[in-house]
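Visitor: Submitted below is the structure of interest, expressed as structure tokens.
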Amino acid sequence: MSLAAYQRVRTLAETPRATEHRLISEVTRVVAEAWEGGLRGAALMPPLHRNREMWSTFAASCGAAGNALSPELRAGIISLSLWVDRHTSAIMAGTETIEPLLEVNRLLLDGLSPARPAA
């Protein structure tokens with residue numbers, strides 16, 4: 001089966017929650033590997049930017065009309081997105097470490113874990 005066919009089947013079979021889990025897991029892995037591999041400064045920007053984009057997309061989705069999440073959960077995700085943006089800038093400036101950023105992503109992954117029931 002071709003890659004495109006596999007991706008179409010996965011899209012049809014995967015729940016939105018599973019898609020979010022897969023995305024966050026991949027982005028978190030790439031950021032962690034880059035940091036552990038010694039990347040710093042401008043070299044670290046591509047994976048950090050991808051993480052920032054992911055969180056910005058989550059925030060935009062939470063602000064969209066028709067979002068079924070509770071107002072409290074949406075506000076929390078938007079707040080985390082703003083924190084991710086500020087903390088990413090601090091990492092790039094060399095005034096913060098990456099561990100808190102990775103911890104937030106991992107906590108979100110834990111909450112989306114297939115073993116946990118949907119809220």
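Each chain in the structure tokens gets a letter, A, B, ..., in the order shown, and its residues are numbered from 1; ligands are numbered from 1 in order too.
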Could you give me, as a PyMOL selection string, the residues within 12 Å of A:Ala115, counting only C-alpha atoms and dropping anything in the same chain fewer than 6 positions from it?

Guide: chain A and resi 17-18+21+109

Visitor: Take the residues from that selection and put them in a file with C-alpha atoms, as an mmCIF file, in the first residue's frame.

Guide:
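What follows is the written file result-v2.cif:
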```cif
data_model
loop_
_atom_site.group_PDB
_atom_site.id
_atom_site.type_symbol
_atom_site.label_atom_id
_atom_site.label_comp_id
_atom_site.auth_asym_id
_atom_site.auth_seq_id
_atom_site.Cartn_x
_atom_site.Cartn_y
_atom_site.Cartn_z
ATOM 1 C CA ARG A 17 -8.303 12.727 20.018
ATOM 2 C CA ALA A 18 -5.917 10.093 18.616
ATOM 3 C CA HIS A 21 -2.153 12.640 20.635
ATOM 4 C CA LEU A 109 -0.218 13.798 26.130
#
```

Visitor: With only C-alpha atoms counted and 10 Å as the cut-off, give the residues of stretch 18-52 of chain A in contact with stretch 74-97 of chain A, each with its shortest interatomic distance in Å and the pair that gives it, as a tab-separated table.

Guide:
```
residue	atom	partner	partner_atom	distance
A:Trp35	CA	A:Thr97	CA	9.6
A:Arg40	CA	A:Met92	CA	7.7
A:Gly41	CA	A:Met92	CA	5.5
A:Ala42	CA	A:Met92	CA	7.4
A:Ala43	CA	A:Met92	CA	9.7
A:Leu44	CA	A:Met92	CA	7.8
A:Met45	CA	A:Met92	CA	7.4
A:Leu48	CA	A:Thr88	CA	6.8
A:His49	CA	A:Thr88	CA	8.3
A:Asn51	CA	A:Val84	CA	8.4
A:Arg52	CA	A:Asp85	CA	6.1
```

Visitor: Restrict the selected residues to N, CA and C atoms and save them as an mmCIF file, in the first residue's frame.

Guide:
```
data_model
loop_
_atom_site.group_PDB
_atom_site.id
_atom_site.type_symbol
_atom_site.label_atom_id
_atom_site.label_comp_id
_atom_site.auth_asym_id
_atom_site.auth_seq_id
_atom_site.Cartn_x
_atom_site.Cartn_y
_atom_site.Cartn_z
ATOM 1 N N TRP A 35 16.979 19.150 21.512
ATOM 2 C CA TRP A 35 17.613 19.672 22.729
ATOM 3 C C TRP A 35 18.670 18.703 23.247
ATOM 4 N N ARG A 40 21.035 24.458 20.132
ATOM 5 C CA ARG A 40 20.707 25.653 20.915
ATOM 6 C C ARG A 40 20.609 26.826 19.956
ATOM 7 N N GLY A 41 20.060 27.913 20.425
ATOM 8 C CA GLY A 41 19.977 29.131 19.623
ATOM 9 C C GLY A 41 19.186 28.929 18.351
ATOM 10 N N ALA A 42 19.684 29.509 17.260
ATOM 11 C CA ALA A 42 18.976 29.476 15.982
ATOM 12 C C ALA A 42 18.761 28.052 15.474
ATOM 13 N N ALA A 43 19.660 27.138 15.789
ATOM 14 C CA ALA A 43 19.531 25.755 15.328
ATOM 15 C C ALA A 43 18.326 25.054 15.959
ATOM 16 N N LEU A 44 17.907 25.526 17.120
ATOM 17 C CA LEU A 44 16.765 24.929 17.825
ATOM 18 C C LEU A 44 15.435 25.522 17.361
ATOM 19 N N MET A 45 15.492 26.597 16.601
ATOM 20 C CA MET A 45 14.267 27.307 16.226
ATOM 21 C C MET A 45 13.277 26.473 15.421
ATOM 22 N N LEU A 48 11.217 24.253 17.776
ATOM 23 C CA LEU A 48 10.466 25.107 18.696
ATOM 24 C C LEU A 48 9.345 25.843 17.971
ATOM 25 N N HIS A 49 9.600 26.257 16.752
ATOM 26 C CA HIS A 49 8.574 26.944 15.972
ATOM 27 C C HIS A 49 7.411 25.999 15.678
ATOM 28 N N ASN A 51 6.425 23.522 17.508
ATOM 29 C CA ASN A 51 5.690 23.391 18.763
ATOM 30 C C ASN A 51 4.808 24.624 18.993
ATOM 31 N N ARG A 52 5.377 25.783 18.749
ATOM 32 C CA ARG A 52 4.634 27.039 18.914
ATOM 33 C C ARG A 52 3.435 27.080 17.960
#
```

Visitor: Enumerate, as JSON, numbers by chain, the complete set of residues in chain A that a backbone-based DSSP assignment places in helix (DSSP H, G or I).

Guide: {"A": [3, 4, 5, 6, 7, 8, 9, 10, 11, 12, 13, 16, 17, 18, 19, 20, 21, 22, 23, 24, 25, 26, 27, 28, 29, 30, 31, 32, 33, 34, 35, 36, 41, 42, 43, 44, 45, 46, 47, 48, 49, 50, 51, 52, 53, 54, 55, 56, 57, 58, 59, 60, 61, 62, 63, 71, 72, 73, 74, 75, 76, 77, 78, 79, 80, 81, 82, 83, 84, 85, 86, 87, 88, 89, 90, 91, 92, 93, 99, 100, 101, 102, 103, 104, 105, 106, 107, 108, 109, 110, 111, 112]}
